[in-house]
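target.txt, holding compact mmCIF, C-alpha atoms:
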# COMPACT_ATOMS: atom_id res chain seq x y z
CA GLY A 1 91.81 83.55 112.31
CA TYR A 2 88.64 84.22 114.25
CA ASP A 3 85.29 82.49 114.72
CA PHE A 4 82.47 83.87 116.86
CA TYR A 5 78.71 84.31 116.71
CA GLN A 6 75.96 86.74 117.71
CA LEU A 7 72.30 86.04 118.49
CA GLU A 8 69.60 88.56 117.62
CA GLN A 9 65.97 88.27 118.68
CA THR A 10 63.39 89.40 116.13
CA ALA A 11 59.64 89.69 116.67
CA THR A 12 59.01 86.03 115.83
CA GLU A 13 62.34 84.18 115.92
CA LYS A 14 65.99 84.28 116.90
CA MET A 15 68.68 84.84 114.27
CA LYS A 16 72.23 83.55 114.54
CA TYR A 17 75.11 85.33 112.83
CA ILE A 18 78.46 83.57 112.58
CA TYR A 19 81.59 85.61 111.77
CA ARG A 20 84.72 83.85 110.52
CA GLY A 21 88.06 85.06 109.26
CA SER A 22 91.12 83.31 107.87
CA GLY A 23 94.36 84.10 106.09
CA GLY A 24 97.07 86.58 106.96
CA THR A 25 99.53 89.16 105.73
CA HIS A 26 103.31 89.00 105.70
CA GLU A 27 106.08 91.54 105.44
CA VAL A 28 109.60 91.36 104.07
CA PHE A 29 111.63 94.39 105.09
CA GLY A 30 115.08 95.86 105.27
CA GLY A 31 116.37 98.63 107.48
CA LEU A 32 119.03 101.30 107.48
CA SER A 33 120.18 103.27 110.52
CA ALA A 34 122.99 105.64 111.42
CA ASN A 35 124.21 107.68 114.37
CA VAL A 36 123.76 111.36 113.60
CA LEU A 37 125.28 112.56 116.90
CA GLU A 38 127.87 110.69 118.95
CA PHE A 39 129.71 111.89 122.04
CA THR A 40 131.37 110.23 125.02
CA LYS A 41 128.13 109.83 126.95
CA HIS A 42 125.47 110.56 124.36
CA ARG A 43 124.47 108.95 121.09
CA LEU A 44 121.55 109.76 118.80
CA GLY A 45 120.57 107.50 115.94
CA VAL A 46 117.85 107.51 113.31
CA GLY A 47 116.60 104.75 111.05
CA ILE A 48 114.08 103.70 108.45
CA ASN A 49 112.58 100.37 107.44
CA PHE A 50 111.30 99.69 103.94
CA GLY A 51 108.93 96.76 103.62
CA TYR A 52 106.86 94.83 101.11
CA VAL A 53 103.49 93.63 102.43
CA PHE A 54 101.71 90.70 100.80
CA GLY A 55 99.09 88.09 101.62
CA SER A 56 95.38 87.48 101.58
CA ASN A 57 92.47 87.05 103.96
CA VAL A 58 88.81 86.09 103.86
CA ASN A 59 86.01 87.44 106.06
CA GLU A 60 82.76 85.47 106.10
CA ARG A 61 79.33 86.05 107.67
CA ILE A 62 76.73 83.30 107.87
CA SER A 63 73.16 83.95 109.03
CA TYR A 64 70.26 81.60 109.73
CA ILE A 65 67.32 81.06 112.07
CA ASP A 66 68.62 79.65 115.35
CA LYS A 67 67.07 76.27 116.05
CA ALA A 68 68.14 72.99 117.64
CA TYR A 69 70.06 71.70 114.61
CA ASN A 70 72.01 68.50 114.84
CA ALA A 71 75.61 68.47 113.69
CA THR A 72 74.67 66.62 110.48
CA ASP A 73 71.60 68.71 109.61
CA ALA A 74 71.45 70.89 106.50
CA ILE A 75 71.07 74.47 107.70
CA PRO A 76 69.32 76.91 105.35
CA GLY A 77 70.50 80.51 105.44
CA GLY A 78 72.64 83.18 103.84
CA VAL A 79 76.38 83.61 103.30
CA GLU A 80 78.36 86.80 102.73
CA ASN A 81 82.02 86.39 101.81
CA THR A 82 84.66 89.10 101.20
CA GLY A 83 88.30 88.45 100.39
CA TYR A 84 91.30 90.74 100.04
CA ARG A 85 94.69 90.27 98.43
CA LEU A 86 97.48 92.71 99.28
CA LYS A 87 100.60 93.80 97.39
CA ALA A 88 102.14 97.03 98.63
CA LEU A 89 105.23 98.85 99.85
CA ASN A 90 105.39 100.60 103.22
CA TYR A 91 107.91 102.22 105.54
CA LYS A 92 108.53 103.03 109.21
CA LEU A 93 110.72 105.64 110.88
CA GLY A 94 112.66 105.36 114.12
CA VAL A 95 114.89 107.31 116.49
CA ASN A 96 117.15 106.06 119.28
CA TYR A 97 118.87 108.00 122.05
CA GLN A 98 121.45 106.37 124.34
CA TRP A 99 122.82 108.05 127.46
CA ASN A 100 125.75 106.48 129.28
CA LEU A 101 125.14 107.82 132.80
CA ASP A 102 128.48 106.39 133.91
CA LYS A 103 130.54 103.29 133.26
CA PHE A 104 127.93 101.09 134.91
CA LYS A 105 124.53 102.53 133.93
CA THR A 106 122.98 103.17 130.53
CA LEU A 107 119.60 104.63 129.64
CA THR A 108 118.17 104.17 126.16
CA VAL A 109 114.99 105.87 124.89
CA ALA A 110 113.56 105.05 121.46
CA GLY A 111 110.55 105.86 119.32
CA ILE A 112 108.99 104.54 116.12
CA PHE A 113 106.42 106.06 113.79
CA SER A 114 104.53 104.51 110.90
CA PRO A 115 102.51 107.12 108.96
CA GLN A 116 99.10 106.49 107.46
CA GLN A 117 99.64 104.70 104.16
CA GLN A 118 97.56 103.40 101.28
CA LEU A 119 98.15 99.79 100.30
CA ASN A 120 97.25 98.47 96.86
CA ALA A 121 94.75 95.65 97.19
CA PHE A 122 92.34 93.44 95.29
CA GLN A 123 88.85 92.50 96.49
CA ASN A 124 86.46 89.72 95.62
CA SER A 125 83.10 89.02 97.25
CA PHE A 126 79.84 87.16 96.91
CA LEU A 127 76.42 87.04 98.53
CA ALA A 128 74.48 83.78 98.43
CA TYR A 129 71.66 81.84 100.01
CA SER A 130 71.67 78.08 100.43
CA THR A 131 69.70 75.12 101.70
CA ASP A 132 72.91 74.27 103.61
CA VAL A 133 75.28 77.09 104.60
CA ASN A 134 78.01 74.53 105.34
CA ASN A 135 78.02 73.14 101.79
CA SER A 136 79.36 75.51 99.11
CA ASN A 137 78.06 73.19 96.36
CA LYS A 138 74.52 74.24 97.31
CA PHE A 139 75.12 78.01 97.24
CA VAL A 140 72.82 80.07 95.02
CA TYR A 141 74.80 83.21 94.22
CA GLN A 142 72.95 86.53 94.25
CA ASP A 143 75.76 89.08 93.95
CA THR A 144 79.29 88.22 92.89
CA ILE A 145 82.20 90.61 92.40
CA SER A 146 85.28 89.22 90.72
CA GLU A 147 88.68 90.56 91.71
CA VAL A 148 88.74 94.36 91.48
CA SER A 149 91.62 96.65 92.36
CA GLY A 150 91.45 99.33 95.03
CA THR A 151 93.18 100.59 98.13
CA ILE A 152 93.22 99.89 101.84
CA THR A 153 94.19 102.84 104.02
CA MET A 154 96.23 101.59 106.94
CA PRO A 155 96.26 103.80 110.05
CA SER A 156 99.21 105.60 111.53
CA SER A 157 100.90 104.10 114.59
CA TRP A 158 103.61 105.13 116.99
CA GLY A 159 105.51 103.71 119.91
CA VAL A 160 107.95 104.83 122.58
CA GLY A 161 110.06 102.72 124.86
CA PHE A 162 113.04 102.71 127.18
CA SER A 163 115.63 100.38 128.63
CA TYR A 164 117.80 100.91 131.71
CA THR A 165 120.90 98.76 132.16
CA MET A 166 122.92 98.39 135.37
CA ARG A 167 126.23 96.60 136.01
CA PRO A 168 128.16 96.21 139.29
CA LYS A 169 130.73 98.88 140.08
CA SER A 170 133.20 96.39 141.47
CA THR A 171 134.29 93.56 139.19
CA GLU A 172 137.29 92.35 141.25
CA ASN A 173 137.42 88.63 142.01
CA ARG A 174 134.34 88.00 139.86
CA THR A 175 134.38 85.19 137.36
CA LYS A 176 131.05 86.40 135.97
CA ILE A 177 129.72 89.93 135.83
CA TYR A 178 125.97 90.29 136.08
CA GLN A 179 123.87 92.81 134.21
CA LEU A 180 120.30 93.86 134.99
CA MET A 181 118.08 95.51 132.41
CA VAL A 182 114.50 96.79 132.80
CA THR A 183 112.38 97.85 129.84
CA GLY A 184 109.04 99.44 129.04
CA GLU A 185 107.13 100.24 125.88
CA VAL A 186 103.85 101.82 124.75
CA GLN A 187 102.42 101.46 121.24
CA MET A 188 99.24 103.05 119.83
CA THR A 189 97.42 102.68 116.50
CA ASP A 190 94.76 105.08 115.21
CA TRP A 191 92.32 102.55 113.71
CA SER A 192 89.62 105.21 113.25
CA SER A 193 91.32 106.18 109.97
CA TYR A 194 91.19 102.64 108.51
CA ARG A 195 89.15 102.46 105.30
CA THR A 196 88.78 100.46 102.10
CA GLU A 197 87.92 101.81 98.66
CA PHE A 198 86.89 99.60 95.74
CA ASN A 199 84.84 100.52 92.68
CA GLY A 200 84.72 104.11 93.91
CA ALA A 201 82.94 103.13 97.14
CA ALA A 202 84.78 104.01 100.35
CA VAL A 203 83.94 102.10 103.54
CA ASN A 204 85.22 103.08 106.97
CA GLY A 205 86.12 100.29 109.33
CA ASN A 206 84.56 101.90 112.42
CA TYR A 207 87.24 100.29 114.60
CA GLY A 208 88.41 101.50 117.97
CA ASN A 209 91.97 102.63 118.55
CA THR A 210 94.36 100.17 120.17
CA MET A 211 97.08 100.58 122.78
CA ARG A 212 99.67 98.05 123.95
CA VAL A 213 101.80 98.42 127.07
CA SER A 214 104.78 96.14 127.66
CA VAL A 215 107.21 95.86 130.56
CA GLY A 216 110.11 93.49 131.06
CA ALA A 217 113.28 92.69 132.93
CA GLN A 218 116.37 90.71 132.10
CA TYR A 219 119.14 89.49 134.37
Can the structure in the file be given as structure tokens, please?
Amino acid sequence: GYDFYQLEQTATEKMKYIYRGSGGTHEVFGGLSANVLEFTKHRLGVGINFGYVFGSNVNERISYIDKAYNATDAIPGGVENTGYRLKALNYKLGVNYQWNLDKFKTLTVAGIFSPQQQLNAFQNSFLAYSTDVNNSNKFVYQDTISEVSGTITMPSSWGVGFSYTMRPKSTENRTKIYQLMVTGEVQMTDWSSYRTEFNGAAVNGNYGNTMRVSVGAQY
């Protein structure tokens, strides 16, 4: 869900472009993991998640001459609407290494990787002008595409993280034993490879890459 606008000055007037999005995607997944190496102080595990992605979303752009309209005024302008419906399988890979430094300290390092994947999708869109862009009953449709099948190329992503756990060496005369854990994580997604392809026409998203850094502590 998003809703924002942009103003653009032309030679004679100011145009307003409103961008709106709604909907969402969901994933049902199952995972399988196993320790491939296991010793007294060291443990190495690998895993894989298989998921089914589904859902729909709508992206809309409205454009009109920017004037002092009242809230109840009919606003003439244009509307561009594109919707997607997803149905696809995907997977993610993971690795986990745990090192028991001693009886009281444990270090865990983990990584995940999701390769670039093509998701099956369906697209519908229309382009219209109207005497009131807020009233769909007054739309005059210029270009309408009913649901067509295609693909959405989702970018690859990866993440690495760690956790460090500490417990007290002496537990005598303690009714409760505390434990302190600190964590950190970095995740990156290569959005430059995102693209859609419908009716033989491929469109790149022209998005920037994203990075997320997380830190935490638990006592």
**Request:** Identify which of the residues A:Tyr194, A:Phe104, A:Tyr207, A:Phe50 lies closest to Ile152 in chain A, counting all atoms listed in the file when measuring atom-to-atom distances.
**Result:** A:Tyr194
**Message:** At a cut-off of 6 Å, using all atoms listed in the file, what residues contact range 138-143 of chain A? Leave out same-chain residues fewer than 2 positions from it and give the result as an NGL selection string.
**Reply:** :A and (126-130 or 135-136)
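Note that the spacing between CA of Phe198 in chain A and CA of Glu147 in chain A amounts to 10.1 Å.
The space separating CA of Lys14 in chain A from CA of Gly78 in chain A comes to 14.7 Å.
Residues lying within 8 Å of Gln116 in chain A, counting only C-alpha atoms and ignoring same-chain neighbours fewer than 6 positions away, are Thr153, Met154, Pro155, Ser156 and Ser157 of chain A.
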Residues of the last selection are to be written out with C-alpha atoms, as an mmCIF file, in the frame of the given file.
data_model
loop_
_atom_site.group_PDB
_atom_site.id
_atom_site.type_symbol
_atom_site.label_atom_id
_atom_site.label_comp_id
_atom_site.auth_asym_id
_atom_site.auth_seq_id
_atom_site.Cartn_x
_atom_site.Cartn_y
_atom_site.Cartn_z
ATOM 1 C CA THR A 153 94.190 102.840 104.020
ATOM 2 C CA MET A 154 96.230 101.590 106.940
ATOM 3 C CA PRO A 155 96.260 103.800 110.050
ATOM 4 C CA SER A 156 99.210 105.600 111.530
ATOM 5 C CA SER A 157 100.900 104.100 114.590
#
**Test item: which residues lie within 6 Å of (77.7, 79.0, 104.7) counting all atoms listed in the file, as a ChimeraX atom specification** = /A:62,79,133-134
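Excluding range 26-38 of chain A itself and any same-chain residue fewer than 2 positions from it, the protein and nucleic acid residues within 6 Å of it, counting only C-alpha atoms, are His42, Arg43, Leu44, Gly45, Val46, Gly47, Ile48, Asn49, Phe50, Gly51, Tyr52, Val53, Phe54 and Gly55 of chain A.
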Write the selection just made, keeping C-alpha atoms, as an mmCIF file, in the frame of the given file?
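Wrote it out as selection.cif, contents follow:
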data_model
loop_
_atom_site.group_PDB
_atom_site.id
_atom_site.type_symbol
_atom_site.label_atom_id
_atom_site.label_comp_id
_atom_site.auth_asym_id
_atom_site.auth_seq_id
_atom_site.Cartn_x
_atom_site.Cartn_y
_atom_site.Cartn_z
ATOM 1 C CA HIS A 42 125.470 110.560 124.360
ATOM 2 C CA ARG A 43 124.470 108.950 121.090
ATOM 3 C CA LEU A 44 121.550 109.760 118.800
ATOM 4 C CA GLY A 45 120.570 107.500 115.940
ATOM 5 C CA VAL A 46 117.850 107.510 113.310
ATOM 6 C CA GLY A 47 116.600 104.750 111.050
ATOM 7 C CA ILE A 48 114.080 103.700 108.450
ATOM 8 C CA ASN A 49 112.580 100.370 107.440
ATOM 9 C CA PHE A 50 111.300 99.690 103.940
ATOM 10 C CA GLY A 51 108.930 96.760 103.620
ATOM 11 C CA TYR A 52 106.860 94.830 101.110
ATOM 12 C CA VAL A 53 103.490 93.630 102.430
ATOM 13 C CA PHE A 54 101.710 90.700 100.800
ATOM 14 C CA GLY A 55 99.090 88.090 101.620
#
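Minimum atom-to-atom distance to Ala110 in chain A, evaluated using only C-alpha atoms, belongs to A:Gln98 out of A:Thr144, A:Asn70, A:Gln98, A:Asn57.
Distance annotation: of A:Ala88, A:Ala121, A:Met181, A:Ala71, the residue with the minimal separation from Val148 in chain A is A:Ala121; atom set is all atoms listed in the file.
Using all atoms listed in the file, the shortest contact distance between Thr165 in chain A and any of A:Thr12, A:Gln117, A:Gln218, A:Ser149 is found at A:Gln218.
CA of Phe113 in chain A is positioned 5.2 Å from CA of Leu93 in chain A.
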**Selected residue of minimal separation from Tyr97 in chain A among A:Gly161, A:Gly21, A:Gly77, A:Pro115, counting all atoms listed in the file** = A:Gly161
